[in-house]
file entry.cif (mmCIF, C-alpha atoms)
data_entry
#
loop_
_atom_site.label_atom_id
_atom_site.label_comp_id
_atom_site.auth_asym_id
_atom_site.auth_seq_id
_atom_site.Cartn_x
_atom_site.Cartn_y
_atom_site.Cartn_z
CA MET F 94 92.86 74.65 81.70
CA GLU F 95 90.98 74.09 84.93
CA ARG F 96 87.23 74.43 84.78
CA SER F 97 87.31 76.75 87.81
CA LEU F 98 89.70 79.10 86.01
CA ARG F 99 87.45 79.26 82.95
CA LEU F 100 84.44 79.95 85.16
CA GLY F 101 86.42 82.61 87.01
CA ARG F 102 87.21 84.29 83.73
CA LEU F 103 83.56 84.25 82.66
CA ALA F 104 82.53 85.71 86.01
CA THR F 105 85.08 88.48 85.59
CA PHE F 106 83.62 89.28 82.16
CA ALA F 107 80.18 89.46 83.77
CA TYR F 108 81.29 92.00 86.38
CA PHE F 109 83.09 94.17 83.81
CA VAL F 110 80.00 94.19 81.57
CA LEU F 111 77.84 94.94 84.61
CA ASN F 112 80.03 97.89 85.62
CA GLY F 113 79.89 99.38 82.13
CA PHE F 114 76.15 98.77 81.95
CA LEU F 115 75.40 100.42 85.31
CA MET F 116 77.42 103.53 84.57
CA GLY F 117 76.03 103.68 81.04
CA MET F 118 72.45 103.57 82.34
CA TRP F 119 73.20 106.49 84.67
CA ILE F 120 74.60 108.49 81.73
CA VAL F 121 71.57 107.75 79.56
CA HIS F 122 69.24 109.08 82.24
CA ILE F 123 71.18 112.27 83.06
CA PRO F 124 68.81 114.63 81.18
CA ASP F 125 65.70 113.29 82.95
CA ILE F 126 67.42 113.25 86.34
CA GLU F 127 68.64 116.81 85.84
CA HIS F 128 65.09 117.92 85.02
CA ARG F 129 63.59 116.09 88.00
CA ALA F 130 66.11 117.65 90.38
CA GLY F 131 65.46 121.11 88.92
CA ILE F 132 69.12 122.02 88.47
CA SER F 133 71.09 123.77 85.74
CA HIS F 134 73.88 122.34 83.60
CA ALA F 135 76.40 124.31 85.65
CA VAL F 136 75.17 122.83 88.94
CA LEU F 137 75.21 119.35 87.41
CA GLY F 138 78.82 119.90 86.40
CA TRP F 139 79.77 120.65 89.99
CA LEU F 140 77.76 117.69 91.31
CA LEU F 141 79.56 115.35 88.93
CA LEU F 142 82.71 116.13 90.88
CA LEU F 143 81.07 114.29 93.79
CA LEU F 144 80.69 111.24 91.55
CA GLY F 145 84.42 111.42 90.87
CA ALA F 146 85.28 112.02 94.51
CA GLY F 147 83.21 109.01 95.57
CA ALA F 148 84.88 106.82 92.96
CA PHE F 149 88.36 107.91 94.04
CA ALA F 150 87.52 107.26 97.70
CA GLY F 151 86.10 103.83 96.85
CA MET F 152 89.21 102.89 94.90
CA GLN F 153 91.52 103.78 97.77
CA LEU F 154 89.28 102.06 100.33
CA VAL F 155 88.71 98.78 98.52
CA GLY F 156 92.31 98.11 97.39
CA PRO F 157 93.64 97.11 100.83
CA LEU F 158 90.36 95.34 101.62
CA THR F 159 90.75 93.22 98.50
CA ASP F 160 94.30 92.28 99.51
CA ARG F 161 93.13 91.35 103.00
CA PHE F 162 89.88 89.49 102.32
CA GLY F 163 90.32 88.43 98.69
CA ALA F 164 88.57 89.53 95.51
CA ARG F 165 86.07 86.69 95.82
CA ALA F 166 84.56 88.33 98.90
CA VAL F 167 84.92 91.96 97.85
CA VAL F 168 83.84 91.92 94.19
CA PRO F 169 80.20 90.77 94.77
CA LEU F 170 79.74 93.26 97.62
CA SER F 171 81.15 96.05 95.46
CA ALA F 172 78.86 95.06 92.59
CA ALA F 173 75.88 95.05 94.95
CA LEU F 174 76.79 98.52 96.25
CA CYS F 175 77.18 99.90 92.72
CA SER F 176 73.90 98.29 91.63
CA ALA F 177 72.01 99.69 94.60
CA GLY F 178 73.63 103.07 94.12
CA VAL F 179 72.50 103.45 90.52
CA VAL F 180 68.84 103.88 91.53
CA LEU F 181 69.54 106.70 93.99
CA PRO F 182 69.92 109.53 91.42
CA GLY F 183 66.48 108.64 90.07
CA TRP F 184 64.94 109.52 93.45
CA ALA F 185 66.82 112.82 93.80
CA ALA F 186 64.46 115.81 94.07
CA ASN F 187 67.02 118.59 94.44
CA ALA F 188 70.73 119.35 94.21
CA TRP F 189 71.48 118.16 97.75
CA THR F 190 69.90 114.74 97.38
CA LEU F 191 71.40 114.30 93.90
CA GLY F 192 74.85 115.15 95.25
CA ALA F 193 74.50 112.54 98.00
CA ALA F 194 73.23 109.97 95.49
CA LEU F 195 76.16 110.60 93.16
CA LEU F 196 78.62 110.26 96.02
CA VAL F 197 77.24 106.80 96.86
CA LEU F 198 77.13 105.75 93.21
CA GLY F 199 80.71 106.91 92.74
CA LEU F 200 81.79 104.99 95.84
CA GLY F 201 80.24 101.79 94.50
CA ASN F 202 81.73 102.33 91.06
CA GLY F 203 85.21 102.87 92.50
CA CYS F 204 84.98 99.78 94.70
CA LEU F 205 83.82 97.60 91.82
CA ASP F 206 86.41 99.03 89.43
CA VAL F 207 89.42 98.16 91.59
CA SER F 208 88.16 94.85 93.01
CA MET F 209 87.19 93.39 89.63
CA ASN F 210 90.54 94.48 88.15
CA ALA F 211 92.32 92.81 91.07
CA HIS F 212 90.40 89.61 90.32
CA ALA F 213 91.26 90.00 86.63
CA ILE F 214 94.94 90.06 87.63
CA GLN F 215 94.40 86.79 89.48
CA VAL F 216 92.75 85.24 86.41
CA GLU F 217 95.58 86.47 84.18
CA ARG F 218 98.14 84.95 86.54
CA GLY F 219 96.32 81.65 86.29
CA TYR F 220 96.22 81.71 82.49
CA GLN F 221 99.90 82.72 82.31
CA ARG F 222 99.17 84.91 79.31
CA PRO F 223 97.59 88.33 78.72
CA VAL F 224 93.80 88.44 79.17
CA MET F 225 93.32 91.87 80.76
CA SER F 226 92.46 93.91 77.65
CA ALA F 227 89.46 91.74 76.81
CA PHE F 228 88.00 92.48 80.24
CA HIS F 229 88.27 96.20 79.58
CA ALA F 230 86.59 95.66 76.22
CA ALA F 231 83.73 93.99 78.12
CA PHE F 232 83.28 97.21 80.11
CA SER F 233 82.87 99.11 76.83
CA ILE F 234 80.39 96.52 75.59
CA GLY F 235 78.39 97.05 78.78
CA GLY F 236 78.17 100.74 77.93
CA VAL F 237 76.87 99.95 74.46
CA LEU F 238 74.23 97.63 75.92
CA ALA F 239 73.21 100.39 78.32
CA ALA F 240 72.73 102.83 75.46
CA LEU F 241 70.50 100.38 73.62
CA ALA F 242 68.52 99.25 76.66
CA GLY F 243 68.24 102.77 78.03
CA ALA F 244 66.89 104.10 74.75
CA ARG F 245 64.26 101.37 74.69
CA MET F 246 63.20 101.94 78.30
CA LEU F 247 62.97 105.69 77.80
CA SER F 248 60.79 105.13 74.75
CA TRP F 249 58.31 103.34 77.01
CA GLY F 250 57.91 106.50 79.07
CA TRP F 251 59.04 104.94 82.32
CA SER F 252 60.29 107.23 85.08
CA PRO F 253 64.01 107.30 86.00
CA VAL F 254 63.17 105.55 89.28
CA ALA F 255 61.41 102.68 87.48
CA ASN F 256 64.15 102.33 84.88
CA LEU F 257 67.08 102.51 87.27
CA GLY F 258 65.27 100.40 89.86
CA THR F 259 64.90 97.63 87.29
CA VAL F 260 68.58 97.96 86.42
CA ALA F 261 69.51 97.81 90.12
CA LEU F 262 67.59 94.56 90.60
CA LEU F 263 69.27 93.08 87.53
CA GLY F 264 72.68 94.15 88.84
CA LEU F 265 72.03 92.63 92.26
CA ALA F 266 71.01 89.36 90.62
CA ILE F 267 74.19 89.25 88.52
CA ALA F 268 76.32 90.09 91.57
CA VAL F 269 74.86 87.08 93.42
CA VAL F 270 74.79 84.59 90.53
CA ALA F 271 78.35 85.26 89.35
CA ALA F 272 79.92 85.27 92.83
CA PRO F 273 80.42 81.47 93.27
CA ALA F 274 82.51 81.31 90.08
CA LEU F 275 85.10 83.81 91.35
CA LEU F 276 88.53 82.41 92.21
CA GLY F 277 89.63 81.89 95.77
CA SER F 278 92.72 83.69 96.99
CA GLY F 279 95.77 82.16 95.36
CA GLY F 280 93.83 79.15 94.16
CA THR F 281 95.17 79.26 90.61
CA ASP F 282 98.30 81.30 91.05
CA VAL F 283 101.41 80.10 89.31
CA PRO F 284 103.90 78.88 91.90
CA GLU F 285 106.82 81.20 92.46
CA THR F 286 110.36 80.06 91.83
CA PRO F 287 111.67 78.33 94.95
CA GLU F 288 114.11 80.43 96.94
CA THR F 289 116.06 80.04 100.10
CA PRO F 290 114.46 81.69 103.13
CA ASP F 291 117.08 84.42 103.12
CA GLY F 292 116.67 84.93 99.38
CA ALA F 293 112.89 85.08 99.65
CA ALA F 294 113.08 87.63 102.44
CA ALA F 295 115.52 89.74 100.46
CA ALA F 296 113.30 89.61 97.36
CA LYS F 297 110.29 90.61 99.44
CA GLY F 298 112.26 93.48 100.91
CA ARG F 299 113.30 94.63 97.45
CA ARG F 300 109.66 94.59 96.31
CA ARG F 301 108.69 96.73 99.27
CA THR F 302 111.34 99.31 98.50
CA ARG F 303 111.05 99.27 94.72
CA SER F 304 107.38 98.69 94.04
CA PRO F 305 105.99 101.98 95.37
CA ARG F 306 108.26 104.07 93.15
CA ARG F 307 107.45 101.93 90.12
CA ILE F 308 103.75 101.84 91.00
CA TRP F 309 103.59 105.63 91.21
CA GLY F 310 105.34 105.77 87.86
CA LEU F 311 102.65 103.50 86.40
CA ALA F 312 99.99 105.63 88.09
CA THR F 313 101.41 108.80 86.52
CA LEU F 314 101.28 107.19 83.09
CA ALA F 315 97.72 106.07 83.79
CA LEU F 316 96.83 109.68 84.60
CA MET F 317 98.26 110.84 81.28
CA VAL F 318 96.68 108.09 79.17
CA MET F 319 93.26 108.32 80.82
CA LEU F 320 93.37 112.11 80.50
CA CYS F 321 93.69 111.50 76.76
CA GLU F 322 90.61 109.25 76.89
CA GLY F 323 88.70 111.93 78.78
CA VAL F 324 89.59 114.50 76.12
CA ALA F 325 88.19 112.24 73.40
CA ASN F 326 85.03 111.51 75.39
CA ASP F 327 84.15 115.17 75.93
CA TRP F 328 85.72 117.10 73.06
CA SER F 329 85.86 114.91 69.95
CA THR F 330 82.29 115.68 68.87
CA LEU F 331 82.66 119.39 69.66
CA HIS F 332 85.85 119.43 67.61
CA LEU F 333 84.07 118.40 64.42
CA ARG F 334 81.05 120.53 65.18
CA ASN F 335 82.73 123.79 66.18
CA VAL F 336 86.08 123.68 64.39
CA LEU F 337 85.18 121.95 61.12
CA GLY F 338 81.53 122.98 61.00
CA ALA F 339 80.25 119.43 60.56
CA PRO F 340 76.51 118.72 60.94
CA ALA F 341 75.48 117.41 64.36
CA ALA F 342 74.93 113.87 63.08
CA THR F 343 78.33 113.80 61.40
CA ALA F 344 80.07 115.32 64.42
CA ALA F 345 78.72 112.52 66.61
CA LEU F 346 80.67 110.05 64.46
CA ALA F 347 83.93 111.34 65.97
CA TYR F 348 83.20 109.87 69.39
CA GLY F 349 81.60 106.83 67.76
CA ALA F 350 84.76 106.17 65.74
CA PHE F 351 86.96 106.63 68.81
CA SER F 352 84.92 104.37 71.10
CA THR F 353 84.46 101.67 68.45
CA ALA F 354 88.19 101.59 67.77
CA MET F 355 88.84 101.40 71.53
CA THR F 356 86.53 98.41 71.95
CA ILE F 357 87.83 96.48 68.94
CA GLY F 358 91.42 97.29 69.87
CA ARG F 359 90.96 95.93 73.37
CA LEU F 360 89.49 92.72 72.01
CA LEU F 361 92.66 92.24 69.94
CA THR F 362 95.32 93.60 72.30
CA ASP F 363 95.76 90.45 74.41
CA ARG F 364 97.02 88.53 71.38
CA VAL F 365 99.35 91.38 70.46
CA ALA F 366 100.68 91.59 74.02
CA ALA F 367 101.24 87.83 74.12
CA ARG F 368 103.18 88.02 70.86
CA PHE F 369 105.22 91.18 71.30
CA GLY F 370 105.04 92.09 75.00
CA SER F 371 103.34 94.79 77.01
CA VAL F 372 106.12 97.34 76.47
CA ALA F 373 105.59 97.20 72.72
CA VAL F 374 101.82 97.59 73.16
CA LEU F 375 102.26 100.77 75.19
CA ARG F 376 105.13 102.18 73.13
CA TYR F 377 103.65 101.68 69.67
CA GLY F 378 100.05 102.17 70.82
CA ALA F 379 100.81 105.54 72.40
CA SER F 380 102.83 106.52 69.33
CA ALA F 381 99.93 105.64 67.04
CA ALA F 382 97.56 107.60 69.29
CA ALA F 383 99.82 110.65 69.12
CA LEU F 384 99.95 110.37 65.33
CA GLY F 385 96.17 109.98 65.08
CA LEU F 386 95.35 112.96 67.28
CA THR F 387 97.93 115.11 65.50
CA ALA F 388 96.29 114.28 62.17
CA ALA F 389 92.84 115.03 63.60
CA SER F 390 94.03 118.34 65.05
CA LEU F 391 95.67 119.64 61.87
CA SER F 392 93.25 118.27 59.28
CA SER F 393 90.60 120.40 57.62
CA SER F 394 89.01 117.32 56.04
CA ILE F 395 86.18 115.64 57.92
CA PRO F 396 86.99 112.11 56.65
CA LEU F 397 90.67 112.49 57.57
CA THR F 398 89.72 113.89 60.97
CA LEU F 399 87.45 110.92 61.63
CA LEU F 400 90.30 108.63 60.62
CA GLY F 401 92.55 110.47 63.07
CA TRP F 402 90.10 109.98 65.95
CA THR F 403 89.81 106.31 64.97
CA LEU F 404 93.59 105.85 65.10
CA PHE F 405 93.66 107.73 68.41
CA GLY F 406 91.19 105.24 69.91
CA ALA F 407 92.95 102.20 68.45
CA GLY F 408 96.31 103.37 69.77
CA LEU F 409 95.04 104.07 73.28
CA SER F 410 92.96 100.90 73.49
CA GLY F 411 95.62 98.62 74.93
CA CYS F 412 97.54 101.13 77.05
CA VAL F 413 95.51 101.27 80.27
CA PRO F 414 95.06 97.48 80.58
CA GLN F 415 98.86 97.05 80.38
CA LEU F 416 99.35 99.57 83.18
CA PHE F 417 96.74 97.91 85.40
CA SER F 418 98.21 94.48 84.69
CA ALA F 419 101.76 95.56 85.48
CA ALA F 420 100.59 97.12 88.76
CA GLY F 421 98.75 93.97 89.78
CA HIS F 422 101.63 91.64 88.95
CA ALA F 423 104.28 93.81 90.62
CA ASP F 424 103.47 92.25 94.00
CA PRO F 425 100.75 89.57 94.20
CA ASP F 426 100.31 90.21 97.93
CA ALA F 427 99.46 93.86 97.30
CA ALA F 428 97.69 93.62 93.93
CA GLY F 429 94.55 95.37 95.12
CA THR F 430 96.42 98.24 96.74
CA ASN F 431 98.68 98.74 93.73
CA VAL F 432 95.78 98.64 91.28
CA SER F 433 93.90 101.15 93.44
CA ARG F 434 96.84 103.57 93.20
CA VAL F 435 97.08 103.29 89.43
CA ALA F 436 93.31 103.32 88.86
CA GLY F 437 92.79 106.19 91.30
CA LEU F 438 95.33 108.51 89.71
CA GLY F 439 94.15 107.44 86.27
CA TYR F 440 90.60 108.37 87.21
CA VAL F 441 91.82 111.80 88.26
CA GLY F 442 93.27 112.14 84.76
CA MET F 443 89.98 111.10 83.19
CA LEU F 444 88.20 113.87 85.09
CA ALA F 445 90.99 116.42 84.59
CA GLY F 446 91.10 116.12 80.80
CA PRO F 447 87.91 118.05 80.04
CA ALA F 448 88.63 120.51 82.86
CA ILE F 449 92.07 121.34 81.46
CA ILE F 450 91.02 121.65 77.83
CA GLY F 451 88.16 124.04 78.64
CA PRO F 452 90.30 126.86 80.06
CA LEU F 453 92.92 126.35 77.34
CA THR F 454 90.30 127.17 74.72
CA GLN F 455 90.23 130.71 76.14
CA VAL F 456 93.77 131.31 74.87
CA MET F 457 93.99 129.09 71.78
CA PRO F 458 91.71 127.30 69.29
CA LEU F 459 90.22 124.00 70.43
CA HIS F 460 92.17 121.89 67.93
CA LEU F 461 95.50 123.26 69.16
CA THR F 462 94.73 122.31 72.77
CA PHE F 463 94.86 118.68 71.63
CA PHE F 464 98.64 118.90 71.48
CA LEU F 465 98.65 118.55 75.28
CA PRO F 466 97.31 114.97 75.09
CA VAL F 467 99.61 114.41 72.09
CA ALA F 468 102.53 115.32 74.35
CA PHE F 469 101.27 112.94 77.04
CA CYS F 470 101.06 110.13 74.48
CA ALA F 471 104.67 110.87 73.50
CA VAL F 472 105.75 110.66 77.14
CA ALA F 473 103.94 107.31 77.54
CA ALA F 474 105.67 105.96 74.44
CA ALA F 475 109.09 107.14 75.60
CA THR F 476 108.73 105.65 79.10
CA ALA F 477 107.00 102.38 78.16
CA GLY F 478 109.99 100.43 79.49
CA ILE F 479 108.60 100.90 83.01
CA LEU F 480 106.27 97.98 82.27
CA ARG F 481 109.26 95.63 82.07
CA PRO F 482 110.39 94.11 85.39
CA ARG F 483 113.99 94.92 86.23
CA ASN F 484 115.15 91.32 85.84
CA ALA F 485 113.55 90.90 82.40
CA ALA F 486 115.43 91.50 79.17
CA PRO F 487 113.73 93.47 76.36
CA THR F 488 112.19 91.50 73.54
CA PRO F 489 113.67 91.93 70.05
CA LEU F 490 110.70 94.11 69.02
CA GLU F 491 111.09 96.33 72.09
CA ALA F 492 114.77 96.68 71.33
CA GLY F 493 113.99 97.63 67.74
CA GLY F 494 114.55 94.25 66.12
CA GLY F 495 112.25 91.49 64.91
CA THR F 496 109.34 89.74 66.55
CA THR F 497 109.19 87.31 69.42
CA ASP F 498 106.64 85.05 70.99
CA SER F 499 106.62 86.48 74.46
CA GLY F 500 103.43 84.64 75.26
CA LYS F 501 105.52 81.71 76.45
CA GLY F 502 106.33 81.65 80.10
CA PRO F 503 104.37 82.70 83.19
CA ALA F 504 102.53 85.98 83.26
CA HIS F 505 103.96 86.87 86.67
CA ALA F 506 107.47 86.73 85.21
CA ALA F 507 106.62 89.31 82.56
CA PRO F 508 103.55 91.33 83.47
CA ARG F 509 101.40 92.12 80.48
#
call {"tool": "encode", "arguments": {"input": "entry.cif", "output": "structure tokens"}}
result
Amino acid sequence: MERSLRLGRLATFAYFVLNGFLMGMWIVHIPDIEHRAGISHAVLGWLLLLLGAGAFAGMQLVGPLTDRFGARAVVPLSAALCSAGVVLPGWAANAWTLGAALLVLGLGNGCLDVSMNAHAIQVERGYQRPVMSAFHAAFSIGGVLAALAGARMLSWGWSPVANLGTVALLGLAIAVVAAPALLGSGGTDVPETPETPDGAAAAKGRRRTRSPRRIWGLATLALMVMLCEGVANDWSTLHLRNVLGAPAATAALAYGAFSTAMTIGRLLTDRVAARFGSVAVLRYGASAAALGLTAASLSSSIPLTLLGWTLFGAGLSGCVPQLFSAAGHADPDAAGTNVSRVAGLGYVGMLAGPAIIGPLTQVMPLHLTFFLPVAFCAVAAATAGILRPRNAAPTPLEAGGGTTDSGKGPAHAAPR
């Protein structure tokens, strides 16, 4: 494997960890920032919508820019914007300035999210095997590091401005240092199968007519799957606390079990995808997630409920990376744009999950509202075949038979 490709992969890991770390540090400092700005929880909830709006706008903006100028140019700038943006909430003195700060931070986060995923697609194409899930695991690891570092910095009594300012400088340094290792446009791409000029033009025309419909299908699945993640992030702890009456410390284990299973699952998913294919990862992963959340919803036992949330996280862990990967490989010339569509709609799902569950609790118990994400998992499992390109035959496992080593062959021929 070329040294440049290995360095490009390491640089991609660095940006994913950085993104998770920056957003994690913002989350850790929310209570202090809320107090400094003098706002209520309700006002903060509305202001967080600006964070989401900024992220969505950044995703849609940076996708075409990445296709035009290349991830090597866009990723470091996006990382610098996200790093600089993270300090702004620490300076906010009221709701108006905090809202503006969150809009900028969301914009940087959205730009970095799409551009680094577009570069990850390029790395995966060079390796000719699945590597996407490990990058998403690195994002989760960045969040864990933020929790640890943030707790330590808060224990020193530093102000949010000092803490987040230090984090911003660190982020800017990483953005600059890792930039030279990023891959140039097309530098390590696997050559496409030679075609006649007429055949190549026809294939390009087919991609232009077929890709959008398929991409929006992938984006819809991303919305459903990431909505499920959002439900776990915001309601898993409350489920144990309010429905099962678990102590606060025990209830916190629900989200801990889910997030730990997600991280470990993503570290392992690439090998599973290489062995059995991306369709199998989505189909059986979503099925396992549906089974886990059903068990958690119906159980009156705290240990069994924790096991259900663990299975839910393990099942979901590999789903989103497969959707992002398929979008990026659908058309190498429009990888950034396609990833921005899938990531953008998925992010809407992440935000919509908590918002949908809340009103539903007015008409039914909390644990019964979880059957909405269960249904979405079932839909994802049933439609997993969308990950398979039209000219690719199903693997024996996908067809219900034995196993196969689908890791052989180029990644662009069978997006993982």
call {"tool": "atom_distance", "arguments": {"input": "entry.cif", "atom1": "CA of Leu241 (chain F)", "atom2": "CA of Gly199 (chain F)"}}
result
22.6 Å
call {"tool": "resolve_selection", "arguments": {"input": "entry.cif", "expression": "the PyMOL selection byres ((chain F and resi 404) around 12)", "output": "PyMOL selection string"}}
result
chain F and resi 325+347-348+350-355+357-358+377-389+397-403+405-410
call {"tool": "closest_residue", "arguments": {"input": "entry.cif", "among": "F:Leu331, F:Ala213, F:Val224, F:Leu265", "to": "Ala173 (chain F)", "atoms": "only C-alpha atoms"}}
result
F:Leu265
call {"tool": "resolve_selection", "arguments": {"input": "entry.cif", "expression": "the PyMOL selection byres ((chain F and resi 468-480) around 7)", "output": "list in words"}}
result
Leu314, Met317, Val318, Ser371, Val372, Leu375, Arg376, Tyr377, Ala379, Ser380, Ala382, Ala383, Ala419, Phe464, Leu465, Pro466, Val467, Arg481 and Pro482 of chain F
call {"tool": "closest_atom_pairs", "arguments": {"input": "entry.cif", "of": "region 167-273 of chain F", "to": "region 117-128 of chain F", "cutoff": "7 Å", "atoms": "only C-alpha atoms", "output": "Markdown table"}}
result
| residue | atom | partner | partner_atom | distance |
| --- | --- | --- | --- | --- |
| F:Val179 | CA | F:Trp119 | CA | 6.6 |
| F:Pro182 | CA | F:Ile126 | CA | 6.8 |
| F:Gly183 | CA | F:Ile126 | CA | 6.0 |
| F:Gly236 | CA | F:Gly117 | CA | 4.8 |
| F:Ala239 | CA | F:Gly117 | CA | 5.1 |
| F:Ala240 | CA | F:Val121 | CA | 6.5 |
| F:Gly243 | CA | F:Met118 | CA | 6.1 |
| F:Pro253 | CA | F:His122 | CA | 6.7 |
call {"tool": "resolve_selection", "arguments": {"input": "entry.cif", "expression": "the PyMOL selection byres ((chain F and resi 202-212) around 8)", "output": "ChimeraX atom specification"}}
result
/F:105,108-109,112,116,147-152,154-156,159,164-165,167-168,171-172,175,198-201,213-216,275-276,417,421,428-429,432-433,436
call {"tool": "write_last_selection", "arguments": {"input": "entry.cif", "atoms": "C-alpha atoms", "output": "PDB file, in the coordinates of the input"}}
result
ATOM      1  CA  THR F 105      85.080  88.480  85.590  1.00  0.00           C
ATOM      2  CA  TYR F 108      81.290  92.000  86.380  1.00  0.00           C
ATOM      3  CA  PHE F 109      83.090  94.170  83.810  1.00  0.00           C
ATOM      4  CA  ASN F 112      80.030  97.890  85.620  1.00  0.00           C
ATOM      5  CA  MET F 116      77.420 103.530  84.570  1.00  0.00           C
ATOM      6  CA  GLY F 147      83.210 109.010  95.570  1.00  0.00           C
ATOM      7  CA  ALA F 148      84.880 106.820  92.960  1.00  0.00           C
ATOM      8  CA  PHE F 149      88.360 107.910  94.040  1.00  0.00           C
ATOM      9  CA  ALA F 150      87.520 107.260  97.700  1.00  0.00           C
ATOM     10  CA  GLY F 151      86.100 103.830  96.850  1.00  0.00           C
ATOM     11  CA  MET F 152      89.210 102.890  94.900  1.00  0.00           C
ATOM     12  CA  LEU F 154      89.280 102.060 100.330  1.00  0.00           C
ATOM     13  CA  VAL F 155      88.710  98.780  98.520  1.00  0.00           C
ATOM     14  CA  GLY F 156      92.310  98.110  97.390  1.00  0.00           C
ATOM     15  CA  THR F 159      90.750  93.220  98.500  1.00  0.00           C
ATOM     16  CA  ALA F 164      88.570  89.530  95.510  1.00  0.00           C
ATOM     17  CA  ARG F 165      86.070  86.690  95.820  1.00  0.00           C
ATOM     18  CA  VAL F 167      84.920  91.960  97.850  1.00  0.00           C
ATOM     19  CA  VAL F 168      83.840  91.920  94.190  1.00  0.00           C
ATOM     20  CA  SER F 171      81.150  96.050  95.460  1.00  0.00           C
ATOM     21  CA  ALA F 172      78.860  95.060  92.590  1.00  0.00           C
ATOM     22  CA  CYS F 175      77.180  99.900  92.720  1.00  0.00           C
ATOM     23  CA  LEU F 198      77.130 105.750  93.210  1.00  0.00           C
ATOM     24  CA  GLY F 199      80.710 106.910  92.740  1.00  0.00           C
ATOM     25  CA  LEU F 200      81.790 104.990  95.840  1.00  0.00           C
ATOM     26  CA  GLY F 201      80.240 101.790  94.500  1.00  0.00           C
ATOM     27  CA  ALA F 213      91.260  90.000  86.630  1.00  0.00           C
ATOM     28  CA  ILE F 214      94.940  90.060  87.630  1.00  0.00           C
ATOM     29  CA  GLN F 215      94.400  86.790  89.480  1.00  0.00           C
ATOM     30  CA  VAL F 216      92.750  85.240  86.410  1.00  0.00           C
ATOM     31  CA  LEU F 275      85.100  83.810  91.350  1.00  0.00           C
ATOM     32  CA  LEU F 276      88.530  82.410  92.210  1.00  0.00           C
ATOM     33  CA  PHE F 417      96.740  97.910  85.400  1.00  0.00           C
ATOM     34  CA  GLY F 421      98.750  93.970  89.780  1.00  0.00           C
ATOM     35  CA  ALA F 428      97.690  93.620  93.930  1.00  0.00           C
ATOM     36  CA  GLY F 429      94.550  95.370  95.120  1.00  0.00           C
ATOM     37  CA  VAL F 432      95.780  98.640  91.280  1.00  0.00           C
ATOM     38  CA  SER F 433      93.900 101.150  93.440  1.00  0.00           C
ATOM     39  CA  ALA F 436      93.310 103.320  88.860  1.00  0.00           C
TER      40      ALA F 436
END
call {"tool": "residues_around", "arguments": {"input": "entry.cif", "residues": "region 453-461 of chain F", "least_positions_apart": "4", "cutoff": "9 Å", "atoms": "all atoms listed in the file", "output": "count of residues only"}}
result
10
call {"tool": "axis_aligned_box", "arguments": {"input": "entry.cif", "around": "region 409-417 of chain F", "padding_each_side": "3 Å", "output": "lines of an AutoDock Vina configuration file"}}
result
center_x = 96.2
center_y = 100.6
center_z = 79.3
size_x = 12.4
size_y = 13.0
size_z = 18.1
call {"tool": "atom_distance", "arguments": {"input": "entry.cif", "atom1": "CA of Gly219 (chain F)", "atom2": "CA of Glu95 (chain F)"}}
result
9.4 Å
call {"tool": "atom_distance", "arguments": {"input": "entry.cif", "atom1": "CA of Leu170 (chain F)", "atom2": "CA of Pro223 (chain F)"}}
result
26.5 Å
call {"tool": "residues_around", "arguments": {"input": "entry.cif", "residues": "Thr313 (chain F)", "least_positions_apart": "3", "cutoff": "9 Å", "atoms": "all atoms listed in the file", "output": "ChimeraX atom specification"}}
result
/F:308-310,316-318,435,438-439,442
call {"tool": "write_last_selection", "arguments": {"input": "entry.cif", "atoms": "C-alpha atoms", "output": "compact mmCIF listing (two decimals), in the coordinates of the input"}}
result
# COMPACT_ATOMS: atom_id res chain seq x y z
CA ILE F 308 103.75 101.84 91.00
CA TRP F 309 103.59 105.63 91.21
CA GLY F 310 105.34 105.77 87.86
CA LEU F 316 96.83 109.68 84.60
CA MET F 317 98.26 110.84 81.28
CA VAL F 318 96.68 108.09 79.17
CA VAL F 435 97.08 103.29 89.43
CA LEU F 438 95.33 108.51 89.71
CA GLY F 439 94.15 107.44 86.27
CA GLY F 442 93.27 112.14 84.76
